[in-house]
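Report on the following structure.
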Amino acid sequence: MSVALRNAKGCLTEAGFRALERSAVGQAPAELAAHMASCATCQERMLSGRRAPSETPRAERKPPPPAWRIWALLGFTLLLIAMFAATVRWLAAR
Ligand SMILES: [Zn+2]
């Protein structure tokens with residue numbers, strides 16, 4: 001291969017990352033896969049969106065629901081329970 005997949009420090013170059021991305025699962029060049037498994041720097045680069053594999057789009061993270069919605073739901077639930085209890089009591093009193 002004419003393009004260097006790893007730099008002088010042994011870390012993956014851009015070409016190295018692209019070679020990893022192109023290869024099928026389990027078919028990555030052994031030396032690249034072995035380095036990726038043992039090098040925190042390259043893992044970090046792979047995971048930080050800058051060098052994420054193109055075929056695995058990042059999962060969109062949903063923002064948590066606003067606090068007021070949680071309290072509104074809780075209040076509504078308590079209101080239902082109170083209405084149910086009042087109805088039962090009203091029926092029992094007849
Ligand atoms: Zn590395």
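If you're wondering about the labels, chains in the structure tokens are A, B, ... by order shown, residues count from 1 in each chain, ligands from 1 in order shown.
With only C-alpha atoms and all ligand atoms as the atoms that count, the set of residues no farther than 8 Å from ligand 1 is Lys9, Gly10, Cys11, Leu12, His35, Met36, Ser38, Cys39, Ala40, Thr41, Cys42 and Gln43 of chain A.
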Backbone-only DSSP, helix (DSSP H, G or I) members of chain A, as a PyMOL selection string: chain A and resi 14-22+30-38+40-47+49-51+67-93
Could you write out the selected residues, including C-alpha atoms, as a PDB file, in the first residue's frame?
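Written file, part_39.pdb:
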```
ATOM      1  CA  GLU A  14      -6.387   9.911   8.080  1.00  0.00           C
ATOM      2  CA  ALA A  15      -5.776   7.187   5.503  1.00  0.00           C
ATOM      3  CA  GLY A  16      -5.632   4.645   8.306  1.00  0.00           C
ATOM      4  CA  PHE A  17      -8.987   5.750   9.669  1.00  0.00           C
ATOM      5  CA  ARG A  18     -10.470   5.635   6.198  1.00  0.00           C
ATOM      6  CA  ALA A  19      -9.111   2.114   5.677  1.00  0.00           C
ATOM      7  CA  LEU A  20     -10.763   1.077   8.962  1.00  0.00           C
ATOM      8  CA  GLU A  21     -14.043   2.697   7.946  1.00  0.00           C
ATOM      9  CA  ARG A  22     -14.072   1.046   4.532  1.00  0.00           C
ATOM     10  CA  ALA A  30      -5.059  -6.537  11.692  1.00  0.00           C
ATOM     11  CA  GLU A  31      -2.349  -4.034  12.561  1.00  0.00           C
ATOM     12  CA  LEU A  32      -4.819  -1.130  12.510  1.00  0.00           C
ATOM     13  CA  ALA A  33      -7.384  -3.013  14.558  1.00  0.00           C
ATOM     14  CA  ALA A  34      -4.749  -4.087  17.076  1.00  0.00           C
ATOM     15  CA  HIS A  35      -3.484  -0.545  17.460  1.00  0.00           C
ATOM     16  CA  MET A  36      -7.012   0.834  17.748  1.00  0.00           C
ATOM     17  CA  ALA A  37      -7.732  -1.657  20.522  1.00  0.00           C
ATOM     18  CA  SER A  38      -4.731  -0.559  22.555  1.00  0.00           C
ATOM     19  CA  ALA A  40      -6.641   5.554  23.780  1.00  0.00           C
ATOM     20  CA  THR A  41      -5.687   8.473  21.545  1.00  0.00           C
ATOM     21  CA  CYS A  42      -6.922   6.785  18.389  1.00  0.00           C
ATOM     22  CA  GLN A  43     -10.081   5.533  20.119  1.00  0.00           C
ATOM     23  CA  GLU A  44     -10.753   9.078  21.235  1.00  0.00           C
ATOM     24  CA  ARG A  45     -10.229  10.374  17.709  1.00  0.00           C
ATOM     25  CA  MET A  46     -12.512   7.676  16.308  1.00  0.00           C
ATOM     26  CA  LEU A  47     -15.264   8.361  18.838  1.00  0.00           C
ATOM     27  CA  GLY A  49     -17.355  12.930  15.750  1.00  0.00           C
ATOM     28  CA  ARG A  50     -14.334  14.129  13.791  1.00  0.00           C
ATOM     29  CA  ARG A  51     -13.413  10.633  12.688  1.00  0.00           C
ATOM     30  CA  ALA A  67     -39.353  19.618  34.747  1.00  0.00           C
ATOM     31  CA  TRP A  68     -42.776  21.269  34.567  1.00  0.00           C
ATOM     32  CA  ARG A  69     -44.080  18.437  32.420  1.00  0.00           C
ATOM     33  CA  ILE A  70     -42.974  15.853  34.972  1.00  0.00           C
ATOM     34  CA  TRP A  71     -44.643  17.788  37.809  1.00  0.00           C
ATOM     35  CA  ALA A  72     -47.798  18.335  35.736  1.00  0.00           C
ATOM     36  CA  LEU A  73     -48.015  14.607  35.028  1.00  0.00           C
ATOM     37  CA  LEU A  74     -47.435  13.810  38.691  1.00  0.00           C
ATOM     38  CA  GLY A  75     -50.074  16.331  39.780  1.00  0.00           C
ATOM     39  CA  PHE A  76     -52.574  14.992  37.260  1.00  0.00           C
ATOM     40  CA  THR A  77     -51.964  11.441  38.502  1.00  0.00           C
ATOM     41  CA  LEU A  78     -52.490  12.497  42.134  1.00  0.00           C
ATOM     42  CA  LEU A  79     -55.687  14.322  41.109  1.00  0.00           C
ATOM     43  CA  LEU A  80     -56.985  11.145  39.440  1.00  0.00           C
ATOM     44  CA  ILE A  81     -56.196   9.115  42.549  1.00  0.00           C
ATOM     45  CA  ALA A  82     -57.939  11.696  44.763  1.00  0.00           C
ATOM     46  CA  MET A  83     -61.014  11.689  42.498  1.00  0.00           C
ATOM     47  CA  PHE A  84     -61.081   7.903  42.543  1.00  0.00           C
ATOM     48  CA  ALA A  85     -60.835   7.839  46.346  1.00  0.00           C
ATOM     49  CA  ALA A  86     -63.584  10.460  46.644  1.00  0.00           C
ATOM     50  CA  THR A  87     -65.830   8.469  44.300  1.00  0.00           C
ATOM     51  CA  VAL A  88     -65.282   5.258  46.254  1.00  0.00           C
ATOM     52  CA  ARG A  89     -66.059   7.058  49.504  1.00  0.00           C
ATOM     53  CA  TRP A  90     -69.167   8.662  48.002  1.00  0.00           C
ATOM     54  CA  LEU A  91     -70.364   5.238  46.779  1.00  0.00           C
ATOM     55  CA  ALA A  92     -69.649   3.606  50.135  1.00  0.00           C
ATOM     56  CA  ALA A  93     -71.565   6.312  52.014  1.00  0.00           C
TER      57      ALA A  93
END
```
